[in-house]
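Participant: What follows is coords24.txt, made up of compact mmCIF, C-alpha atoms:
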```
# COMPACT_ATOMS: atom_id res chain seq x y z
CA MET A 171 38.67 14.64 -19.03
CA THR A 172 38.37 14.62 -15.26
CA PHE A 173 39.63 17.39 -13.00
CA PHE A 174 39.63 16.59 -9.26
CA SER A 175 39.68 19.40 -6.73
CA LEU A 176 40.46 18.60 -3.11
CA ILE A 177 39.10 20.67 -0.22
CA ILE A 178 40.49 20.12 3.29
CA CYS A 179 38.78 21.99 6.12
CA THR A 180 40.92 22.27 9.23
CA TYR A 181 40.96 23.83 12.69
CA ASN A 182 43.92 23.86 15.08
CA ARG A 183 45.45 20.62 13.75
CA PRO A 184 48.78 21.41 12.05
CA GLU A 185 50.38 18.00 12.71
CA SER A 186 47.39 16.01 11.47
CA LEU A 187 47.16 18.23 8.41
CA ARG A 188 50.84 17.72 7.65
CA ARG A 189 50.41 13.92 7.67
CA LEU A 190 47.44 14.19 5.33
CA LEU A 191 49.22 16.51 2.90
CA ASP A 192 52.23 14.18 2.87
CA SER A 193 49.97 11.30 1.82
CA VAL A 194 48.24 13.50 -0.78
CA SER A 195 51.67 14.28 -2.25
CA ASN A 196 52.43 10.56 -2.61
CA LEU A 197 49.27 9.56 -4.51
CA SER A 198 49.72 7.58 -7.73
CA ARG A 199 47.09 9.85 -9.33
CA ARG A 200 47.33 13.32 -7.82
CA PHE A 201 44.62 15.88 -7.30
CA ASP A 202 44.56 18.63 -9.92
CA GLU A 203 44.24 21.26 -7.20
CA VAL A 204 44.31 21.29 -3.40
CA LEU A 205 42.62 23.92 -1.23
CA VAL A 206 43.06 24.17 2.53
CA VAL A 207 40.36 26.16 4.34
CA ASP A 208 41.68 26.95 7.80
CA ALA A 209 39.81 28.43 10.77
CA SER A 210 42.69 28.09 13.23
CA GLU A 211 43.00 30.47 16.14
CA ASN A 212 45.89 32.89 16.60
CA GLU A 213 48.16 30.50 18.51
CA TYR A 214 47.95 27.99 15.65
CA TYR A 215 47.78 30.38 12.71
CA GLN A 216 51.53 30.95 12.35
CA ARG A 217 52.19 27.21 12.55
CA MET A 218 49.70 26.73 9.71
CA VAL A 219 51.39 29.43 7.62
CA ASP A 220 54.78 27.77 8.18
CA LEU A 221 53.29 24.40 7.20
CA MET A 222 51.83 25.81 3.98
CA SER A 223 55.27 27.04 2.95
CA MET A 224 56.27 23.36 2.66
CA PHE A 225 53.44 22.68 0.17
CA THR A 226 53.70 25.41 -2.45
CA SER A 227 51.11 23.82 -4.74
CA VAL A 228 48.40 24.14 -2.08
CA GLN A 229 45.99 27.08 -2.07
CA TYR A 230 45.61 28.30 1.50
CA HIS A 231 42.59 30.24 2.80
CA HIS A 232 42.35 31.43 6.38
CA VAL A 233 38.72 32.27 7.20
CA ASP A 234 37.29 34.62 9.80
CA SER A 235 34.64 33.78 12.39
CA ASN A 236 31.84 34.35 9.85
CA ASN A 237 33.05 31.35 7.84
CA LYS A 238 34.23 29.19 10.74
CA GLY A 239 32.71 25.72 11.18
CA LEU A 240 32.81 22.58 9.06
CA THR A 241 29.80 23.25 6.84
CA LYS A 242 30.67 26.92 6.34
CA GLN A 243 34.28 26.09 5.50
CA ARG A 244 33.22 23.45 2.98
CA ASN A 245 30.87 25.88 1.29
CA PHE A 246 33.61 28.52 1.32
CA GLY A 247 36.06 26.12 -0.36
CA ALA A 248 33.51 25.06 -2.98
CA ARG A 249 33.27 28.70 -4.11
CA PHE A 250 36.98 28.78 -4.93
CA ILE A 251 37.45 25.57 -6.94
CA ASN A 252 38.77 25.79 -10.47
CA THR A 253 36.13 26.31 -13.15
CA GLN A 254 37.52 23.19 -14.88
CA ALA A 255 36.75 20.99 -11.87
CA THR A 256 34.58 17.98 -12.65
CA HIS A 257 34.76 16.44 -9.17
CA VAL A 258 35.26 17.82 -5.64
CA THR A 259 36.70 15.71 -2.82
CA PHE A 260 36.30 16.62 0.85
CA LEU A 261 38.74 15.04 3.30
CA ASP A 262 38.95 15.28 7.07
CA ASP A 263 42.27 16.74 8.16
CA ASP A 264 43.20 13.72 10.33
CA LEU A 265 43.28 11.16 7.50
CA VAL A 266 46.16 9.36 5.79
CA LEU A 267 45.43 8.11 2.26
CA ASN A 268 46.53 4.90 0.56
CA SER A 269 48.59 5.72 -2.53
CA ASN A 270 45.90 4.52 -4.98
CA PHE A 271 43.04 6.39 -3.27
CA LEU A 272 42.23 8.87 -6.03
CA GLU A 273 42.96 6.38 -8.79
CA CYS A 274 40.24 4.12 -7.34
CA LEU A 275 37.76 6.99 -7.04
CA GLU A 276 38.34 8.10 -10.63
CA TYR A 277 37.74 4.54 -11.81
CA SER A 278 34.51 4.39 -9.79
CA PHE A 279 33.03 7.44 -11.49
CA LEU A 280 33.93 6.04 -14.91
CA GLN A 281 32.37 2.68 -14.06
CA TYR A 282 29.22 4.23 -12.55
CA PRO A 283 28.26 7.30 -14.61
CA ASP A 284 25.01 7.61 -12.62
CA ALA A 285 27.01 8.36 -9.45
CA ILE A 286 26.68 11.81 -7.92
CA GLY A 287 28.91 10.93 -4.98
CA ILE A 288 31.37 8.21 -3.96
CA SER A 289 33.13 7.57 -0.67
CA GLY A 290 36.15 5.59 0.38
CA LEU A 291 36.66 3.14 3.27
CA ASP A 292 38.26 3.81 6.66
CA MET A 293 40.60 0.94 7.59
CA VAL A 294 41.45 2.03 11.15
CA GLU A 295 38.05 0.99 12.52
CA ASN A 296 37.42 -1.83 10.06
CA ARG A 297 37.02 -5.09 12.04
CA TYR A 298 35.98 -7.46 9.24
CA PHE A 299 37.92 -10.68 8.77
CA LYS A 300 37.80 -13.10 5.85
CA VAL A 301 36.57 -16.69 6.19
CA GLU A 302 36.85 -19.73 3.94
CA ASN A 303 34.91 -22.91 3.21
CA ASN A 304 31.54 -21.31 3.94
CA GLN A 305 32.23 -21.36 7.66
CA ASP A 306 29.02 -20.68 9.58
CA PHE A 307 28.91 -18.01 12.28
CA GLY A 308 26.06 -17.37 14.69
CA LYS A 309 23.79 -14.60 13.44
CA LEU A 310 23.37 -13.11 16.92
CA ARG A 311 27.02 -12.36 17.59
CA PHE A 312 28.30 -11.98 14.02
CA TYR A 313 27.35 -10.28 10.76
CA GLN A 314 28.45 -11.87 7.50
CA LEU A 315 28.71 -10.25 4.08
CA GLY A 316 29.95 -12.65 1.44
CA ASP A 317 33.25 -14.14 2.61
CA TRP A 318 33.71 -11.47 5.28
CA VAL A 319 32.55 -11.51 8.87
CA ILE A 320 32.52 -8.98 11.70
CA ARG A 321 31.86 -9.56 15.40
CA GLU A 322 28.80 -7.61 16.49
CA PRO A 323 29.24 -4.95 19.19
CA LEU A 324 27.07 -5.13 22.29
CA ARG A 325 24.64 -2.50 21.01
CA TYR A 326 23.85 -4.57 17.91
CA ILE A 327 23.46 -7.79 19.92
CA LEU A 328 20.97 -6.10 22.25
CA ARG A 329 19.07 -4.61 19.33
CA LYS A 330 18.80 -8.08 17.77
CA ASN A 331 17.48 -9.50 21.05
CA PHE A 332 14.81 -6.79 21.24
CA GLY A 333 13.88 -7.01 17.54
CA LEU A 334 15.29 -3.54 16.85
CA MET A 335 18.09 -4.40 14.41
CA SER A 336 17.94 -3.52 10.73
CA ASP A 337 18.09 -6.24 8.06
CA TYR A 338 19.23 -3.66 5.51
CA PRO A 339 22.83 -3.70 4.14
CA PRO A 340 25.34 -1.24 5.63
CA GLU A 341 24.84 2.47 4.91
CA ILE A 342 21.20 1.95 3.87
CA ILE A 343 18.77 3.95 6.00
CA PRO A 344 15.82 1.90 7.31
CA PRO A 345 12.46 3.60 8.02
CA PHE A 346 13.30 3.70 11.75
CA GLY A 347 16.56 5.49 11.06
CA HIS A 348 19.20 3.43 12.87
CA GLY A 349 21.08 1.43 10.26
CA ARG A 350 24.32 -0.51 10.09
CA ASN A 351 27.66 1.06 9.19
CA GLY A 352 30.76 -0.24 7.47
CA TYR A 353 31.75 -2.53 4.59
CA PRO A 354 34.60 -5.04 4.39
CA PRO A 355 37.71 -4.28 2.29
CA ASP A 356 36.60 -6.76 -0.37
CA GLY A 357 37.29 -4.56 -3.40
CA ASN A 358 33.62 -4.16 -4.29
CA ILE A 359 31.64 -0.98 -4.94
CA TYR A 360 28.32 -0.80 -3.08
CA PRO A 361 25.26 1.44 -3.59
CA VAL A 362 24.39 3.31 -0.38
CA ASP A 363 22.01 5.94 0.99
CA HIS A 364 24.69 8.12 2.57
CA ILE A 365 28.45 8.55 2.44
CA MET A 366 30.98 9.73 5.00
CA GLY A 367 31.56 13.46 4.58
CA GLY A 368 35.24 13.27 5.49
CA ILE A 369 36.01 10.82 2.65
CA ALA A 370 33.50 12.07 0.08
CA THR A 371 33.79 12.99 -3.59
CA TYR A 372 30.95 14.64 -5.50
CA LYS A 373 30.50 15.77 -9.08
CA SER A 374 31.18 19.49 -9.01
CA TRP A 375 27.98 20.60 -10.74
CA ILE A 376 25.90 19.60 -7.74
CA PHE A 377 27.10 22.71 -5.90
CA LYS A 378 25.13 24.81 -8.36
CA HIS A 379 22.01 23.27 -6.83
CA ILE A 380 22.73 22.51 -3.15
CA SER A 381 25.28 23.33 -0.46
CA PHE A 382 26.13 22.02 2.98
CA SER A 383 23.48 23.12 5.45
CA GLU A 384 24.76 25.75 7.84
CA ARG A 385 22.14 24.78 10.40
CA PHE A 386 24.86 22.27 11.41
CA THR A 387 27.13 24.76 13.15
CA GLY A 388 30.64 24.19 14.54
CA TYR A 389 31.60 20.51 14.60
CA GLY A 390 28.55 19.71 12.44
CA LEU A 391 27.73 16.12 13.40
CA TYR A 392 25.65 14.36 10.68
CA GLU A 393 26.06 17.22 8.22
CA ASP A 394 27.34 14.63 5.72
CA PHE A 395 24.22 12.51 6.24
CA ASP A 396 22.02 15.54 5.50
CA PHE A 397 23.98 16.45 2.37
CA SER A 398 23.91 12.84 1.14
CA VAL A 399 20.13 12.64 1.44
CA ARG A 400 19.69 15.84 -0.58
CA ALA A 401 22.38 14.89 -3.10
CA SER A 402 20.70 11.55 -3.80
CA ALA A 403 17.94 13.46 -5.59
CA PHE A 404 20.51 14.17 -8.35
CA GLY A 405 22.17 10.77 -8.68
CA LYS A 406 23.28 7.64 -6.88
CA LEU A 407 25.75 7.24 -4.03
CA TYR A 408 28.39 4.51 -3.71
CA VAL A 409 31.20 3.28 -1.45
CA ASN A 410 34.36 2.00 -3.13
CA THR A 411 36.07 -0.36 -0.68
CA ASN A 412 39.34 -0.13 -2.63
CA ALA A 413 39.63 3.64 -2.00
CA GLN A 414 41.09 3.19 1.46
CA VAL A 415 42.15 5.68 4.11
CA HIS A 416 43.25 5.62 7.74
CA HIS A 417 41.29 7.94 10.01
CA TYR A 418 43.24 8.76 13.18
CA HIS A 419 40.55 10.87 14.94
CA ASP A 420 42.48 13.81 16.32
CA PRO A 421 40.63 14.78 19.55
CA SER A 422 41.33 18.52 19.20
CA GLY A 423 38.52 20.66 17.83
CA ARG A 424 35.78 18.27 18.95
CA PRO A 425 32.89 19.44 21.16
CA ASN A 426 32.61 18.55 24.83
CA TYR A 427 31.04 15.17 25.60
CA PHE A 428 27.69 16.54 26.79
CA ARG A 429 27.23 18.63 23.65
CA TYR A 430 28.33 15.72 21.48
CA GLY A 431 25.76 13.42 23.09
CA ARG A 432 23.01 15.99 22.60
CA MET A 433 23.97 16.37 18.93
CA VAL A 434 23.92 12.60 18.37
CA VAL A 435 20.23 12.55 19.31
CA ARG A 436 18.93 15.85 17.92
CA ASN A 437 20.94 15.83 14.70
CA GLY A 438 20.22 12.12 14.32
CA TRP A 439 16.47 12.76 14.58
CA TYR A 440 16.68 15.55 12.01
CA VAL A 441 18.52 13.59 9.31
CA TRP A 442 16.30 10.53 9.89
CA ARG A 443 13.23 12.64 9.21
CA CYS A 444 14.88 14.22 6.16
CA LYS A 445 15.17 10.73 4.66
CA HIS A 446 11.84 9.45 6.00
CA PRO A 447 9.56 12.46 6.62
CA ASP A 448 6.54 10.23 7.36
CA PRO A 449 7.93 6.97 8.77
CA GLY A 450 4.75 5.77 10.48
CA PHE A 451 3.90 5.20 14.14
CA THR A 452 5.71 1.85 14.55
CA ASN A 453 8.96 3.19 13.09
CA VAL A 454 8.77 6.28 15.29
CA LEU A 455 8.49 4.04 18.36
CA LYS A 456 11.44 1.97 17.12
CA TRP A 457 13.58 5.08 16.62
CA HIS A 458 12.94 6.27 20.18
CA ALA A 459 13.46 2.79 21.64
CA ILE A 460 16.80 2.37 19.86
CA THR A 461 17.92 5.87 20.82
CA LEU A 462 17.29 5.19 24.53
CA LEU A 463 18.82 1.70 24.33
CA LEU A 464 22.01 3.10 22.78
CA ALA A 465 22.23 5.75 25.49
CA PHE A 466 22.03 3.17 28.27
CA VAL A 467 24.53 0.90 26.51
CA LEU A 468 26.87 3.90 26.59
CA LEU A 469 26.27 4.21 30.35
CA ILE A 470 27.68 0.70 30.86
CA ASN A 471 31.10 2.08 29.89
CA VAL A 472 31.03 4.32 32.97
CA PHE A 473 31.38 1.19 35.12
CA THR A 474 33.60 -0.91 32.83
CA THR A 475 36.22 1.58 31.59
CA LYS A 476 38.42 4.31 33.03
CA LYS A 477 36.83 6.95 30.77
CA VAL A 478 34.14 7.72 33.33
CA LYS A 479 33.80 11.44 32.57
CA ARG A 480 33.58 10.94 28.81
CA PHE A 481 30.84 8.32 28.85
CA LEU A 482 28.87 9.81 31.73
CA PHE A 483 28.63 13.26 30.15
CA GLU A 484 27.83 11.84 26.73
CA PHE A 485 25.06 9.72 28.29
CA ILE A 486 23.63 12.78 30.06
CA GLY A 487 23.84 14.71 26.78
CA ARG A 488 21.93 12.01 24.93
CA ILE A 489 19.17 11.85 27.56
CA TYR A 490 18.94 15.65 27.62
CA GLY A 491 18.79 15.68 23.81
CA TRP A 492 16.03 13.04 23.82
CA PHE A 493 13.86 14.98 26.30
CA SER A 494 14.45 18.20 24.33
CA LEU A 495 12.88 16.63 21.23
CA PHE A 496 9.47 16.98 22.90
CA ILE A 497 10.07 20.64 23.79
CA ILE A 498 11.90 22.16 20.79
CA SER A 499 11.77 20.38 17.44
CA PRO A 500 15.13 19.96 15.66
CA LEU A 501 13.30 21.22 12.56
CA LYS A 502 13.42 24.69 14.11
CA ARG A 503 17.11 24.67 14.96
CA LEU A 504 19.74 22.15 16.01
```
What is this structure when it is put down as C-alpha cells?
Facilitator:
Amino acid sequence: MTFFSLIICTYNRPESLRRLLDSVSNLSRRFDEVLVVDASENEYYQRMVDLMSMFTSVQYHHVDSNNKGLTKQRNFGARFINTQATHVTFLDDDLVLNSNFLECLEYSFLQYPDAIGISGLDMVENRYFKVENNQDFGKLRFYQLGDWVIREPLRYILRKNFGLMSDYPPEIIPPFGHGRNGYPPDGNIYPVDHIMGGIATYKSWIFKHISFSERFTGYGLYEDFDFSVRASAFGKLYVNTNAQVHHYHDPSGRPNYFRYGRMVVRNGWYVWRCKHPDPGFTNVLKWHAITLLLAFVLLINVFTTKKVKRFLFEFIGRIYGWFSLFIISPLKRL
C-alpha cells in the first residue's frame, strides 16, 4: 500500500498557496497527508493562518529564522511526515496541478520499482509542438524528439555554432555540465540524471540516508540538482510527462537579480562538479566557455527588452560569480 505525504514550503505567498491547495483538493487521487511549512514574515503570518482555516486537513507549521530557507524548510517538513509514508512529494507553492497528477505519479512508481525519485512536467514553459508525416526540421534551429519539435532559443543556437551544445537527451548531465532541459507532453516516462525539486516525489526511506544540503541557503538555487545527484546513488530518477503542472513563478521571495546571477554560476559549478568531480581539461574549458557565452547572451536582452535593470544586474552577477570561482571555491561555501 502506498502512502503519499505532500510537503509545501512557502514564504510570503498566500494567494499562490491558496491556488495550489485548491488544485490539491481537486485531485482524482488525493495525498494521504499535506504539510505546509511556512516561513512568512509578520505581515503575512495572519493571512496564512486565515488561509489554513479554510483547509482543515492540512498540517500547518510556522518556522522561526533557524529553519527559514527552502532546504531547511524541506528538511523540517520531512521530520514530521507520517510514519506510514512510503513517498514524499515536494511542490513549489506557485504551482497548479492537473487533476490526475498524483494518480500518474503513483502509477510511475508501480511501473518502475527501481525509481527513487520521479518528477512531473511543467506545461507553462513547454514549447514543444507535434508534427506529422516525418516532417524534417533544421537541426540548427530546432530540436526534435520523436514526433515532437521545439524551436531552439538563441543560447542553444549559438552553442551549436560554437560546438558547445550537448548531444545528450534532456535532463542528462554531460561531462561539461550544461545540458538540455525539458521533455514534450508525449505521455512517456524518461530516465534522467536530475529532477525538478518543486515537482519532485521521492521514496520516503531515502531521508534516513540523506537530506537537502543546507549549504544552499535562502532561495537555494540548484538545491534540487544537488539532491538528485546524491539520491541517484540509491535508485533511478524519472520524469513522467503525464504528471503535469502549471508553474506560475510568483516573483515574491526571489533574490535580487545580481545575487541570482551569482548563484547561477557558483551553484551551477558546484553541482556540476558533484556529478562529474574529475571532468577533464577539455570539459572544464567547455564549462567556462558556455558559462561566459550564456552571460553575454543575457546581456543582449538589455538592448532588446524593457527589462534593462533585471538583465543588466543578472549579467553583472554572473560575471562577478565567474571571477569569484578563481578566488573562493564554491566547495568551501556558496
Participant: For atom CA of Tyr181 of chain A and atom CA of Val266 of chain A, determine how far apart the two atoms are, in Å to one decimal place.
Facilitator: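 Spanning atom CA of Tyr181 of chain A to atom CA of Val266 of chain A is a straight-line distance of 16.9 Å.
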Participant: Within 12 Å of Ser195 of chain A, counting only C-alpha atoms, which residues qualify if same-chain residues fewer than 3 places away don't, as a PyMOL selection string?
Facilitator: chain A and resi 188-192+198-204+224-228+266-272
Participant: Excluding segment 458-460 of chain A and residues on its chain fewer than 2 positions from it, collect all residues at most 8 Å away from it, counting all atoms listed in the file, and give them as number ranges by chain.
Facilitator: A: 329, 334, 348, 454-456, 462-464
Participant: Can you pull out every residue within 9 Å of segment 437-440 of chain A, counting all atoms listed in the file, but drop anything in the same chain fewer than 4 positions away, and send it as number ranges by chain?
Facilitator: A: 347-348, 386, 390-393, 396, 432-433, 444-445, 457, 495, 499-501, 504
Participant: Would you mind telling me which residue in A:Leu310, A:Ile288, A:Ile380, A:Val441 lies nearest to Tyr360 of chain A when using all atoms listed in the file?
Facilitator: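 Closest residue, counting all atoms listed in the file: A:Ile288.
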Participant: With N, CA and C atoms as the goal, would you fill in the gaps in segment 425-460 of chain A and present it as a JSON list (two decimals), in the coordinates of the input?
Facilitator:
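Below is the file that was written, selection-v8.json:
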```json
[["chain", "number", "residue", "atom", "x", "y", "z"],
["A", 425, "PRO", "N", 33.68, 18.82, 20.09],
["A", 425, "PRO", "CA", 32.89, 19.44, 21.16],
["A", 425, "PRO", "C", 33.02, 18.66, 22.47],
["A", 426, "ASN", "N", 32.58, 19.28, 23.57],
["A", 426, "ASN", "CA", 32.61, 18.55, 24.83],
["A", 426, "ASN", "C", 31.62, 17.38, 24.77],
["A", 427, "TYR", "N", 31.78, 16.43, 25.69],
["A", 427, "TYR", "CA", 31.04, 15.17, 25.60],
["A", 427, "TYR", "C", 29.53, 15.37, 25.75],
["A", 428, "PHE", "N", 29.12, 16.28, 26.62],
["A", 428, "PHE", "CA", 27.69, 16.54, 26.79],
["A", 428, "PHE", "C", 27.09, 17.06, 25.48],
["A", 429, "ARG", "N", 27.74, 18.05, 24.89],
["A", 429, "ARG", "CA", 27.23, 18.63, 23.65],
["A", 429, "ARG", "C", 27.23, 17.60, 22.53],
["A", 430, "TYR", "N", 28.27, 16.76, 22.50],
["A", 430, "TYR", "CA", 28.33, 15.72, 21.48],
["A", 430, "TYR", "C", 27.16, 14.75, 21.62],
["A", 431, "GLY", "N", 26.88, 14.32, 22.86],
["A", 431, "GLY", "CA", 25.76, 13.42, 23.09],
["A", 431, "GLY", "C", 24.44, 14.03, 22.68],
["A", 432, "ARG", "N", 24.25, 15.30, 22.99],
["A", 432, "ARG", "CA", 23.01, 15.99, 22.60],
["A", 432, "ARG", "C", 22.89, 16.04, 21.08],
["A", 433, "MET", "N", 24.01, 16.31, 20.38],
["A", 433, "MET", "CA", 23.97, 16.37, 18.93],
["A", 433, "MET", "C", 23.66, 15.02, 18.31],
["A", 434, "VAL", "N", 24.19, 13.94, 18.90],
["A", 434, "VAL", "CA", 23.92, 12.60, 18.37],
["A", 434, "VAL", "C", 22.41, 12.38, 18.25],
["A", 435, "VAL", "N", 21.67, 12.79, 19.29],
["A", 435, "VAL", "CA", 20.23, 12.55, 19.31],
["A", 435, "VAL", "C", 19.48, 13.56, 18.44],
["A", 436, "ARG", "N", 19.72, 14.84, 18.64],
["A", 436, "ARG", "CA", 18.93, 15.85, 17.92],
["A", 436, "ARG", "C", 19.28, 15.88, 16.44],
["A", 437, "ASN", "N", 20.56, 15.86, 16.12],
["A", 437, "ASN", "CA", 20.94, 15.83, 14.70],
["A", 437, "ASN", "C", 20.52, 14.52, 14.05],
["A", 438, "GLY", "N", 20.63, 13.43, 14.84],
["A", 438, "GLY", "CA", 20.22, 12.12, 14.32],
["A", 438, "GLY", "C", 18.74, 12.09, 13.99],
["A", 439, "TRP", "N", 17.92, 12.68, 14.85],
["A", 439, "TRP", "CA", 16.47, 12.76, 14.58],
["A", 439, "TRP", "C", 16.22, 13.56, 13.30],
["A", 440, "TYR", "N", 16.91, 14.67, 13.16],
["A", 440, "TYR", "CA", 16.68, 15.55, 12.01],
["A", 440, "TYR", "C", 16.99, 14.85, 10.69],
["A", 441, "VAL", "N", 18.15, 14.20, 10.59],
["A", 441, "VAL", "CA", 18.52, 13.59, 9.31],
["A", 441, "VAL", "C", 17.68, 12.35, 9.03],
["A", 442, "TRP", "N", 17.23, 11.65, 10.09],
["A", 442, "TRP", "CA", 16.30, 10.53, 9.89],
["A", 442, "TRP", "C", 15.02, 11.02, 9.26],
["A", 443, "ARG", "N", 14.48, 12.12, 9.76],
["A", 443, "ARG", "CA", 13.23, 12.64, 9.21],
["A", 443, "ARG", "C", 13.41, 13.31, 7.85],
["A", 444, "CYS", "N", 14.61, 13.73, 7.52],
["A", 444, "CYS", "CA", 14.88, 14.22, 6.16],
["A", 444, "CYS", "C", 14.75, 13.07, 5.16],
["A", 445, "LYS", "N", 15.25, 11.90, 5.54],
["A", 445, "LYS", "CA", 15.17, 10.73, 4.66],
["A", 445, "LYS", "C", 13.78, 10.12, 4.68],
["A", 446, "HIS", "N", 13.17, 10.05, 5.86],
["A", 446, "HIS", "CA", 11.84, 9.45, 6.00],
["A", 446, "HIS", "C", 10.92, 10.45, 6.71],
["A", 447, "PRO", "N", 10.38, 11.42, 5.98],
["A", 447, "PRO", "CA", 9.56, 12.46, 6.62],
["A", 447, "PRO", "C", 8.27, 11.94, 7.25],
["A", 448, "ASP", "N", 7.77, 10.79, 6.80],
["A", 448, "ASP", "CA", 6.54, 10.23, 7.36],
["A", 448, "ASP", "C", 6.75, 8.73, 7.59],
["A", 449, "PRO", "N", 7.53, 8.37, 8.60],
["A", 449, "PRO", "CA", 7.93, 6.97, 8.77],
["A", 449, "PRO", "C", 6.85, 6.05, 9.31],
["A", 450, "GLY", "N", 5.79, 6.60, 9.90],
["A", 450, "GLY", "CA", 4.75, 5.77, 10.48],
["A", 450, "GLY", "C", 4.97, 5.55, 11.97],
["A", 451, "PHE", "N", 3.88, 5.27, 12.68],
["A", 451, "PHE", "CA", 3.90, 5.20, 14.14],
["A", 451, "PHE", "C", 4.87, 4.14, 14.66],
["A", 452, "THR", "N", 4.84, 2.94, 14.08],
["A", 452, "THR", "CA", 5.71, 1.85, 14.55],
["A", 452, "THR", "C", 7.18, 2.21, 14.42],
["A", 453, "ASN", "N", 7.56, 2.81, 13.30],
["A", 453, "ASN", "CA", 8.96, 3.19, 13.09],
["A", 453, "ASN", "C", 9.39, 4.34, 14.01],
["A", 454, "VAL", "N", 8.46, 5.22, 14.33],
["A", 454, "VAL", "CA", 8.77, 6.28, 15.29],
["A", 454, "VAL", "C", 9.07, 5.68, 16.66],
["A", 455, "LEU", "N", 8.24, 4.72, 17.08],
["A", 455, "LEU", "CA", 8.49, 4.04, 18.36],
["A", 455, "LEU", "C", 9.83, 3.33, 18.35],
["A", 456, "LYS", "N", 10.16, 2.67, 17.23],
["A", 456, "LYS", "CA", 11.44, 1.97, 17.12],
["A", 456, "LYS", "C", 12.60, 2.95, 17.23],
["A", 457, "TRP", "N", 12.49, 4.10, 16.56],
["A", 457, "TRP", "CA", 13.58, 5.08, 16.62],
["A", 457, "TRP", "C", 13.84, 5.50, 18.06],
["A", 458, "HIS", "N", 12.78, 5.83, 18.79],
["A", 458, "HIS", "CA", 12.94, 6.27, 20.18],
["A", 458, "HIS", "C", 13.47, 5.14, 21.06],
["A", 459, "ALA", "N", 13.00, 3.92, 20.84],
["A", 459, "ALA", "CA", 13.46, 2.79, 21.64],
["A", 459, "ALA", "C", 14.95, 2.53, 21.42],
["A", 460, "ILE", "N", 15.39, 2.59, 20.16],
["A", 460, "ILE", "CA", 16.80, 2.37, 19.86],
["A", 460, "ILE", "C", 17.65, 3.50, 20.42]]
```
